[in-house]
Amino acid sequence: MTVYERALKLHEEKKGKIEIVCKVDVNTKDDLSLAYTPGVAEPCRKIHANQEDIYKYTGKGNTVAVITDGTAVLGLGDIGPYAALPVMEGKCVLFKRFANIDAFPICLDSKDPEEIIKTIKLLAPSLGGINLEDISAPRCVEIETRLKDELNIPVFHDDQHGTAIVVTAALINSFKLLKKKFEDVKIVISGAGAAGSSICKLLNKMGAGEIVPVDIDGILTKDDVDSYNDLKKHLVTFVNPKNIKGGLKEAIVGADAFIGVSAPGLLTKEMVSTMNKDAVVFAMANPEPEIYPEEAIAGGAKIVGTGRSDYPNQINNILAFPGIFRGALDSRAEQITDEMKIAAAKGIAAVIDEKDLRNDYIIPDAFDERVVKVVAKSVADFVLTHKK
């Protein structure tokens, strides 16, 4: 059986992947009087008197909703909220397995940003955090930005920021191994949507010397700003400082790193050969990368990563979001900021001791038990240190 056939069989047999398990016994009348009426009235009174006590007497502080509208699911695209549910259940499984966070899938039958924002705000009293998932760009940016401004619990769009955090961690270790500095490098990013724009922003925060994003219409330039959406208009305020024009072929010349969050087969061996010495190539289009590792190495790349598990250096969001939320929930953070994302990236990178870094080992394995603990502590320590 193929992996798809086996997965379909699993989903059919299990009728989904998550269930609710009670923390307390309800086997006697006394149990019932404590878990429900009349005893439950007392925590209700306490919370009514002091709303913050909701974190003391309920599971809110360890509860995350995984919310989608089904418009950008995996590589399947806009398949709608019903077909998106298996992915949201899967994300909830990962939250529980890796960070012991109780997560619930919520698929919204609307593509209207205002409706989505309003609905999530109405749900917020029950939740300690919100993980936005598989919402198409640029709407996902608008939705996340508004929710961050209007709610006092962490809101995180993993497709954007999880990818950016893990890419940054992988670059930290790559440049450490290659003895390069962020301020001296040229980084080309293929794809200027949700993930690509977030990578640009985080690498800019890291002090990257030159960032050149390329999308389907070519290199982003200040000359074309009037034709861009708001997402790209913001990017051109700090990317492509030399105002290079053309496409990926022109952008890649002299680059120290290529980050692909776009489409299969866009990068060729010949293009890689025009990059700087000791180049880094992260080709993360799934399931088919922008270039296969063998071709990238043949073109002269020194370090290669993909989004796939069948090659070394898998750039996988699972290294970021469980620890990010664990740390944010533990520290009662009201937002997940760029500084927290950088703390998470540095935490992921630090899991691997410098003496153990190799070309084929610059990012921890997805099942490395140290990752969530280190990321959670890095995030929580930053929050607690910077709280007023």
# chains A, B, ... in the order shown; residues from 1 in each chain; ligands from 1

call {"tool": "select_by_dssp", "arguments": {"residues": "region 120-355 of chain A", "states": "helix (DSSP H, G or I)", "output": "VMD selection string"}}
result
chain A and resid 120 to 126 139 to 150 158 to 178 182 to 184 194 to 205 222 to 227 230 to 235 248 to 251 269 to 272 293 to 298 317 to 319 321 to 330 338 to 350 354 to 355

call {"tool": "closest_residue", "arguments": {"among": "A:Ile117, A:Met1, A:Thr306, A:Phe156", "to": "Asn286 (chain A)", "atoms": "only C-alpha atoms"}}
result
A:Thr306

call {"tool": "residues_around", "arguments": {"residues": "Asn313 (chain A)", "least_positions_apart": "2", "cutoff": "10 Å", "atoms": "only C-alpha atoms", "output": "NGL selection string"}}
result
:A and (170 or 282 or 303-311 or 315-316 or 359-365)

call {"tool": "closest_atom_pairs", "arguments": {"of": "region 261-338 of chain A", "to": "region 343-357 of chain A", "cutoff": "10 Å", "atoms": "only C-alpha atoms", "output": "tab-separated table"}}
result
residue	atom	partner	partner_atom	distance
A:Leu319	CA	A:Ile348	CA	7.2
A:Ala320	CA	A:Ala344	CA	7.0
A:Phe321	CA	A:Ala344	CA	9.3
A:Gly323	CA	A:Ala344	CA	7.8
A:Ile324	CA	A:Ala344	CA	6.7
A:Gly327	CA	A:Ala344	CA	9.3
A:Thr337	CA	A:Ala343	CA	9.8
A:Asp338	CA	A:Ala343	CA	8.6

call {"tool": "write_last_selection", "arguments": {"atoms": "C-alpha atoms", "output": "tab-separated table (two decimals), in the first residue's frame"}}
result
chain	number	residue	atom	x	y	z
A	319	LEU	CA	10.36	22.25	15.23
A	320	ALA	CA	8.77	25.64	15.95
A	321	PHE	CA	5.06	25.83	16.71
A	323	GLY	CA	7.58	25.04	21.57
A	324	ILE	CA	6.49	28.55	20.62
A	327	GLY	CA	6.51	28.97	25.95
A	337	THR	CA	6.36	39.00	18.66
A	338	ASP	CA	9.25	39.03	16.18

call {"tool": "closest_residue", "arguments": {"among": "A:Met206, A:Ile336, A:Val93, A:Ile79", "to": "Ile130 (chain A)", "atoms": "only C-alpha atoms"}}
result
A:Ile336

call {"tool": "atom_distance", "arguments": {"atom1": "CA of Asp159 (chain A)", "atom2": "CA of Ile211 (chain A)"}}
result
20.0 Å

call {"tool": "atom_distance", "arguments": {"atom1": "CA of Ala164 (chain A)", "atom2": "CA of Ala84 (chain A)"}}
result
22.9 Å

call {"tool": "closest_residue", "arguments": {"among": "A:Lys121, A:His48, A:Lys179, A:Lys29", "to": "Leu151 (chain A)", "atoms": "only C-alpha atoms"}}
result
A:Lys121

call {"tool": "residues_around", "arguments": {"residues": "Leu123 (chain A)", "least_positions_apart": "6", "cutoff": "12 Å", "atoms": "only C-alpha atoms", "output": "PDB file with N, CA and C atoms, in the first residue's frame"}}
result
ATOM      1  N   LYS A  60      -8.273  26.778  30.051  1.00  0.00           N
ATOM      2  CA  LYS A  60      -8.007  27.831  29.055  1.00  0.00           C
ATOM      3  C   LYS A  60      -6.518  28.019  28.790  1.00  0.00           C
ATOM      4  N   THR A  63      -5.061  25.552  26.211  1.00  0.00           N
ATOM      5  CA  THR A  63      -5.965  25.214  25.102  1.00  0.00           C
ATOM      6  C   THR A  63      -5.709  26.128  23.904  1.00  0.00           C
ATOM      7  N   VAL A  64      -5.499  25.507  22.760  1.00  0.00           N
ATOM      8  CA  VAL A  64      -5.267  26.242  21.512  1.00  0.00           C
ATOM      9  C   VAL A  64      -6.279  25.773  20.474  1.00  0.00           C
ATOM     10  N   ALA A  65      -6.827  26.698  19.716  1.00  0.00           N
ATOM     11  CA  ALA A  65      -7.687  26.345  18.584  1.00  0.00           C
ATOM     12  C   ALA A  65      -6.875  26.418  17.298  1.00  0.00           C
ATOM     13  N   VAL A  66      -6.978  25.385  16.497  1.00  0.00           N
ATOM     14  CA  VAL A  66      -6.359  25.369  15.170  1.00  0.00           C
ATOM     15  C   VAL A  66      -7.466  25.723  14.178  1.00  0.00           C
ATOM     16  N   ILE A  67      -7.363  26.925  13.602  1.00  0.00           N
ATOM     17  CA  ILE A  67      -8.493  27.492  12.848  1.00  0.00           C
ATOM     18  C   ILE A  67      -8.113  27.741  11.381  1.00  0.00           C
ATOM     19  N   PHE A 104      -7.886  22.045  19.507  1.00  0.00           N
ATOM     20  CA  PHE A 104      -9.170  21.700  18.899  1.00  0.00           C
ATOM     21  C   PHE A 104      -9.225  22.242  17.474  1.00  0.00           C
ATOM     22  N   ILE A 106     -10.986  23.808  14.268  1.00  0.00           N
ATOM     23  CA  ILE A 106     -12.177  24.592  13.939  1.00  0.00           C
ATOM     24  C   ILE A 106     -12.066  25.032  12.478  1.00  0.00           C
ATOM     25  N   LEU A 108     -13.886  27.028   9.513  1.00  0.00           N
ATOM     26  CA  LEU A 108     -14.905  28.063   9.336  1.00  0.00           C
ATOM     27  C   LEU A 108     -15.405  28.101   7.895  1.00  0.00           C
ATOM     28  N   ILE A 116     -14.455  36.019   9.642  1.00  0.00           N
ATOM     29  CA  ILE A 116     -13.492  35.148  10.316  1.00  0.00           C
ATOM     30  C   ILE A 116     -12.955  35.815  11.579  1.00  0.00           C
ATOM     31  N   ILE A 117     -12.593  37.075  11.475  1.00  0.00           N
ATOM     32  CA  ILE A 117     -12.081  37.821  12.630  1.00  0.00           C
ATOM     33  C   ILE A 117     -13.130  37.888  13.734  1.00  0.00           C
ATOM     34  N   GLY A 129      -4.798  30.332  23.210  1.00  0.00           N
ATOM     35  CA  GLY A 129      -4.064  30.770  22.032  1.00  0.00           C
ATOM     36  C   GLY A 129      -4.759  30.324  20.767  1.00  0.00           C
ATOM     37  N   ILE A 130      -4.380  30.945  19.644  1.00  0.00           N
ATOM     38  CA  ILE A 130      -5.002  30.643  18.350  1.00  0.00           C
ATOM     39  C   ILE A 130      -3.915  30.386  17.322  1.00  0.00           C
ATOM     40  N   LEU A 147      -6.292  40.334  14.557  1.00  0.00           N
ATOM     41  CA  LEU A 147      -6.507  39.556  15.775  1.00  0.00           C
ATOM     42  C   LEU A 147      -5.441  39.844  16.820  1.00  0.00           C
ATOM     43  N   LEU A 151      -7.023  41.076  20.317  1.00  0.00           N
ATOM     44  CA  LEU A 151      -7.129  40.052  21.349  1.00  0.00           C
ATOM     45  C   LEU A 151      -5.941  40.132  22.304  1.00  0.00           C
ATOM     46  N   ILE A 153      -4.601  37.259  23.672  1.00  0.00           N
ATOM     47  CA  ILE A 153      -4.005  35.927  23.705  1.00  0.00           C
ATOM     48  C   ILE A 153      -3.154  35.755  22.445  1.00  0.00           C
TER      49      ILE A 153
END

call {"tool": "residues_around", "arguments": {"residues": "Met275 (chain A)", "least_positions_apart": "4", "cutoff": "12 Å", "atoms": "only C-alpha atoms", "output": "PyMOL selection string"}}
result
chain A and resi 185-188+248-258+267-271+279-281+296-297+299-302

call {"tool": "write_last_selection", "arguments": {"atoms": "C-alpha atoms", "output": "PDB file, in the first residue's frame"}}
result
ATOM      1  CA  VAL A 185      25.297  37.567   2.999  1.00  0.00           C
ATOM      2  CA  LYS A 186      22.948  37.802   0.054  1.00  0.00           C
ATOM      3  CA  ILE A 187      19.804  35.685   0.454  1.00  0.00           C
ATOM      4  CA  VAL A 188      17.401  35.000  -2.418  1.00  0.00           C
ATOM      5  CA  LEU A 248      15.371  34.048 -10.460  1.00  0.00           C
ATOM      6  CA  LYS A 249      18.255  33.549 -12.889  1.00  0.00           C
ATOM      7  CA  GLU A 250      19.371  37.156 -12.375  1.00  0.00           C
ATOM      8  CA  ALA A 251      18.650  37.226  -8.650  1.00  0.00           C
ATOM      9  CA  ILE A 252      20.640  34.104  -7.791  1.00  0.00           C
ATOM     10  CA  VAL A 253      23.980  35.348  -9.123  1.00  0.00           C
ATOM     11  CA  GLY A 254      26.406  35.796  -6.211  1.00  0.00           C
ATOM     12  CA  ALA A 255      23.854  34.674  -3.617  1.00  0.00           C
ATOM     13  CA  ASP A 256      25.001  32.963  -0.423  1.00  0.00           C
ATOM     14  CA  ALA A 257      21.660  31.297   0.220  1.00  0.00           C
ATOM     15  CA  PHE A 258      18.529  30.305  -1.699  1.00  0.00           C
ATOM     16  CA  LEU A 267      16.039  26.300  -9.628  1.00  0.00           C
ATOM     17  CA  THR A 268      18.513  24.587 -11.953  1.00  0.00           C
ATOM     18  CA  LYS A 269      21.990  23.173 -11.398  1.00  0.00           C
ATOM     19  CA  GLU A 270      23.317  25.892 -13.710  1.00  0.00           C
ATOM     20  CA  MET A 271      21.725  28.627 -11.569  1.00  0.00           C
ATOM     21  CA  ALA A 279      26.255  28.292  -0.986  1.00  0.00           C
ATOM     22  CA  VAL A 280      23.218  27.191   1.018  1.00  0.00           C
ATOM     23  CA  VAL A 281      20.102  25.882  -0.778  1.00  0.00           C
ATOM     24  CA  ALA A 296      21.970  21.355  -6.036  1.00  0.00           C
ATOM     25  CA  ILE A 297      25.129  19.660  -4.766  1.00  0.00           C
ATOM     26  CA  GLY A 299      25.821  22.688  -9.004  1.00  0.00           C
ATOM     27  CA  GLY A 300      28.186  23.484  -6.137  1.00  0.00           C
ATOM     28  CA  ALA A 301      25.892  23.973  -3.128  1.00  0.00           C
ATOM     29  CA  LYS A 302      27.598  23.169   0.166  1.00  0.00           C
TER      30      LYS A 302
END

call {"tool": "closest_residue", "arguments": {"among": "A:Gly70, A:Lys9, A:Thr145, A:Glu89", "to": "Ser110 (chain A)", "atoms": "only C-alpha atoms"}}
result
A:Gly70

call {"tool": "residues_around", "arguments": {"residues": "Asp158 (chain A)", "least_positions_apart": "3", "cutoff": "10 Å", "atoms": "only C-alpha atoms", "output": "list in words"}}
result
Val66, Asn131, Leu132, Glu133, Asp134, Ile135, Val155, His161, Gly162, Thr163, Ala164, Ile165, Ala194, Ala195, Asn317, Ile318, Ala320 and Phe321 of chain A

call {"tool": "write_last_selection", "arguments": {"atoms": "N, CA and C atoms", "output": "compact mmCIF listing (two decimals), in the first residue's frame"}}
result
# COMPACT_ATOMS: atom_id res chain seq x y z
N VAL A 66 -6.98 25.38 16.50
CA VAL A 66 -6.36 25.37 15.17
C VAL A 66 -7.47 25.72 14.18
N ASN A 131 -3.98 29.21 16.70
CA ASN A 131 -3.08 28.87 15.61
C ASN A 131 -3.86 28.93 14.31
N LEU A 132 -3.62 29.97 13.53
CA LEU A 132 -4.25 30.09 12.21
C LEU A 132 -3.54 29.16 11.25
N GLU A 133 -4.28 28.50 10.40
CA GLU A 133 -3.70 27.45 9.57
C GLU A 133 -4.31 27.46 8.17
N ASP A 134 -3.44 27.38 7.17
CA ASP A 134 -3.89 27.15 5.78
C ASP A 134 -4.92 28.17 5.32
N ILE A 135 -4.65 29.45 5.59
CA ILE A 135 -5.48 30.55 5.10
C ILE A 135 -4.68 31.27 4.02
N VAL A 155 -1.73 34.86 18.96
CA VAL A 155 -2.27 34.48 17.66
C VAL A 155 -1.08 34.26 16.72
N HIS A 161 4.92 32.07 9.95
CA HIS A 161 5.97 32.29 10.93
C HIS A 161 6.71 31.02 11.34
N GLY A 162 6.01 29.88 11.35
CA GLY A 162 6.70 28.64 11.67
C GLY A 162 7.80 28.36 10.67
N THR A 163 7.48 28.53 9.39
CA THR A 163 8.47 28.34 8.33
C THR A 163 9.63 29.32 8.50
N ALA A 164 9.32 30.57 8.76
CA ALA A 164 10.37 31.59 8.91
C ALA A 164 11.29 31.27 10.07
N ILE A 165 10.73 30.81 11.18
CA ILE A 165 11.53 30.50 12.37
C ILE A 165 12.51 29.35 12.09
N ALA A 194 2.71 34.33 1.79
CA ALA A 194 2.67 34.35 3.25
C ALA A 194 4.00 33.91 3.86
N ALA A 195 4.50 32.74 3.47
CA ALA A 195 5.74 32.23 4.05
C ALA A 195 6.94 33.07 3.62
N ASN A 317 8.14 22.74 10.14
CA ASN A 317 7.50 23.63 11.12
C ASN A 317 7.29 22.99 12.49
N ILE A 318 7.30 21.68 12.53
CA ILE A 318 7.08 21.00 13.79
C ILE A 318 8.17 21.33 14.82
N ALA A 320 9.04 24.30 15.42
CA ALA A 320 8.77 25.64 15.95
C ALA A 320 7.47 25.75 16.74
N PHE A 321 6.34 25.43 16.10
CA PHE A 321 5.06 25.83 16.71
C PHE A 321 4.74 25.18 18.05

call {"tool": "select_by_dssp", "arguments": {"residues": "region 17-258 of chain A", "states": "strand (DSSP E or B)", "output": "ChimeraX atom specification"}}
result
/A:63-68,73,77,102-107,129-132,155-157,186-190,210-215,218-219,257-258

call {"tool": "write_last_selection", "arguments": {"atoms": "N, CA and C atoms", "output": "compact mmCIF listing (two decimals), in the first residue's frame"}}
result
# COMPACT_ATOMS: atom_id res chain seq x y z
N THR A 63 -5.06 25.55 26.21
CA THR A 63 -5.97 25.21 25.10
C THR A 63 -5.71 26.13 23.90
N VAL A 64 -5.50 25.51 22.76
CA VAL A 64 -5.27 26.24 21.51
C VAL A 64 -6.28 25.77 20.47
N ALA A 65 -6.83 26.70 19.72
CA ALA A 65 -7.69 26.35 18.58
C ALA A 65 -6.88 26.42 17.30
N VAL A 66 -6.98 25.38 16.50
CA VAL A 66 -6.36 25.37 15.17
C VAL A 66 -7.47 25.72 14.18
N ILE A 67 -7.36 26.93 13.60
CA ILE A 67 -8.49 27.49 12.85
C ILE A 67 -8.11 27.74 11.38
N THR A 68 -9.00 27.32 10.49
CA THR A 68 -8.78 27.51 9.06
C THR A 68 -10.08 27.89 8.36
N VAL A 73 -4.76 24.75 1.71
CA VAL A 73 -4.45 23.53 2.47
C VAL A 73 -3.33 22.74 1.78
N GLY A 77 -4.48 23.52 -2.18
CA GLY A 77 -5.13 24.78 -2.50
C GLY A 77 -6.44 24.99 -1.75
N ASP A 102 -3.57 20.97 24.68
CA ASP A 102 -4.87 20.52 24.19
C ASP A 102 -5.30 21.44 23.05
N ALA A 103 -5.49 20.86 21.88
CA ALA A 103 -5.83 21.66 20.70
C ALA A 103 -7.10 21.13 20.06
N PHE A 104 -7.89 22.04 19.51
CA PHE A 104 -9.17 21.70 18.90
C PHE A 104 -9.22 22.24 17.47
N PRO A 105 -9.68 21.42 16.50
CA PRO A 105 -9.79 21.89 15.12
C PRO A 105 -11.09 22.65 14.89
N ILE A 106 -10.99 23.81 14.27
CA ILE A 106 -12.18 24.59 13.94
C ILE A 106 -12.07 25.03 12.48
N CYS A 107 -12.98 24.56 11.65
CA CYS A 107 -13.00 24.90 10.23
C CYS A 107 -14.18 25.83 9.96
N GLY A 129 -4.80 30.33 23.21
CA GLY A 129 -4.06 30.77 22.03
C GLY A 129 -4.76 30.32 20.77
N ILE A 130 -4.38 30.94 19.64
CA ILE A 130 -5.00 30.64 18.35
C ILE A 130 -3.91 30.39 17.32
N ASN A 131 -3.98 29.21 16.70
CA ASN A 131 -3.08 28.87 15.61
C ASN A 131 -3.86 28.93 14.31
N LEU A 132 -3.62 29.97 13.53
CA LEU A 132 -4.25 30.09 12.21
C LEU A 132 -3.54 29.16 11.25
N VAL A 155 -1.73 34.86 18.96
CA VAL A 155 -2.27 34.48 17.66
C VAL A 155 -1.08 34.26 16.72
N PHE A 156 -1.07 33.13 16.03
CA PHE A 156 0.12 32.73 15.26
C PHE A 156 -0.32 32.03 13.99
N HIS A 157 0.10 32.54 12.84
CA HIS A 157 -0.19 31.86 11.57
C HIS A 157 1.02 31.03 11.20
N LYS A 186 24.07 37.52 0.96
CA LYS A 186 22.95 37.80 0.05
C LYS A 186 22.04 36.57 0.06
N ILE A 187 20.76 36.78 0.36
CA ILE A 187 19.80 35.69 0.45
C ILE A 187 18.69 35.91 -0.56
N VAL A 188 18.47 34.94 -1.42
CA VAL A 188 17.40 35.00 -2.42
C VAL A 188 16.24 34.13 -1.94
N ILE A 189 15.05 34.69 -1.97
CA ILE A 189 13.85 33.96 -1.52
C ILE A 189 12.89 33.82 -2.70
N SER A 190 12.62 32.59 -3.07
CA SER A 190 11.69 32.31 -4.16
C SER A 190 10.30 32.09 -3.59
N GLU A 210 21.61 41.45 2.46
CA GLU A 210 20.87 41.70 1.21
C GLU A 210 19.84 40.58 1.03
N ILE A 211 18.57 40.97 0.97
CA ILE A 211 17.49 40.00 0.78
C ILE A 211 16.81 40.32 -0.55
N VAL A 212 16.71 39.31 -1.43
CA VAL A 212 16.12 39.53 -2.75
C VAL A 212 14.98 38.53 -2.96
N PRO A 213 13.73 38.97 -2.78
CA PRO A 213 12.59 38.07 -3.03
C PRO A 213 12.19 38.07 -4.51
N VAL A 214 11.80 36.89 -4.97
CA VAL A 214 11.36 36.71 -6.36
C VAL A 214 10.01 36.00 -6.34
N ASP A 215 9.05 36.53 -7.10
CA ASP A 215 7.78 35.82 -7.21
C ASP A 215 7.53 35.46 -8.68
N GLY A 218 8.70 37.93 -11.19
CA GLY A 218 10.09 38.35 -11.18
C GLY A 218 10.53 38.94 -9.84
N ILE A 219 11.70 39.56 -9.84
CA ILE A 219 12.25 40.15 -8.62
C ILE A 219 11.39 41.32 -8.18
N ALA A 257 22.71 32.24 -0.17
CA ALA A 257 21.66 31.30 0.22
C ALA A 257 20.44 31.46 -0.68
N PHE A 258 19.80 30.34 -0.97
CA PHE A 258 18.53 30.31 -1.70
C PHE A 258 17.50 29.68 -0.77

call {"tool": "closest_residue", "arguments": {"among": "A:Leu235, A:Asp217, A:Gly260, A:Gly246", "to": "Asn204 (chain A)", "atoms": "only C-alpha atoms"}}
result
A:Leu235
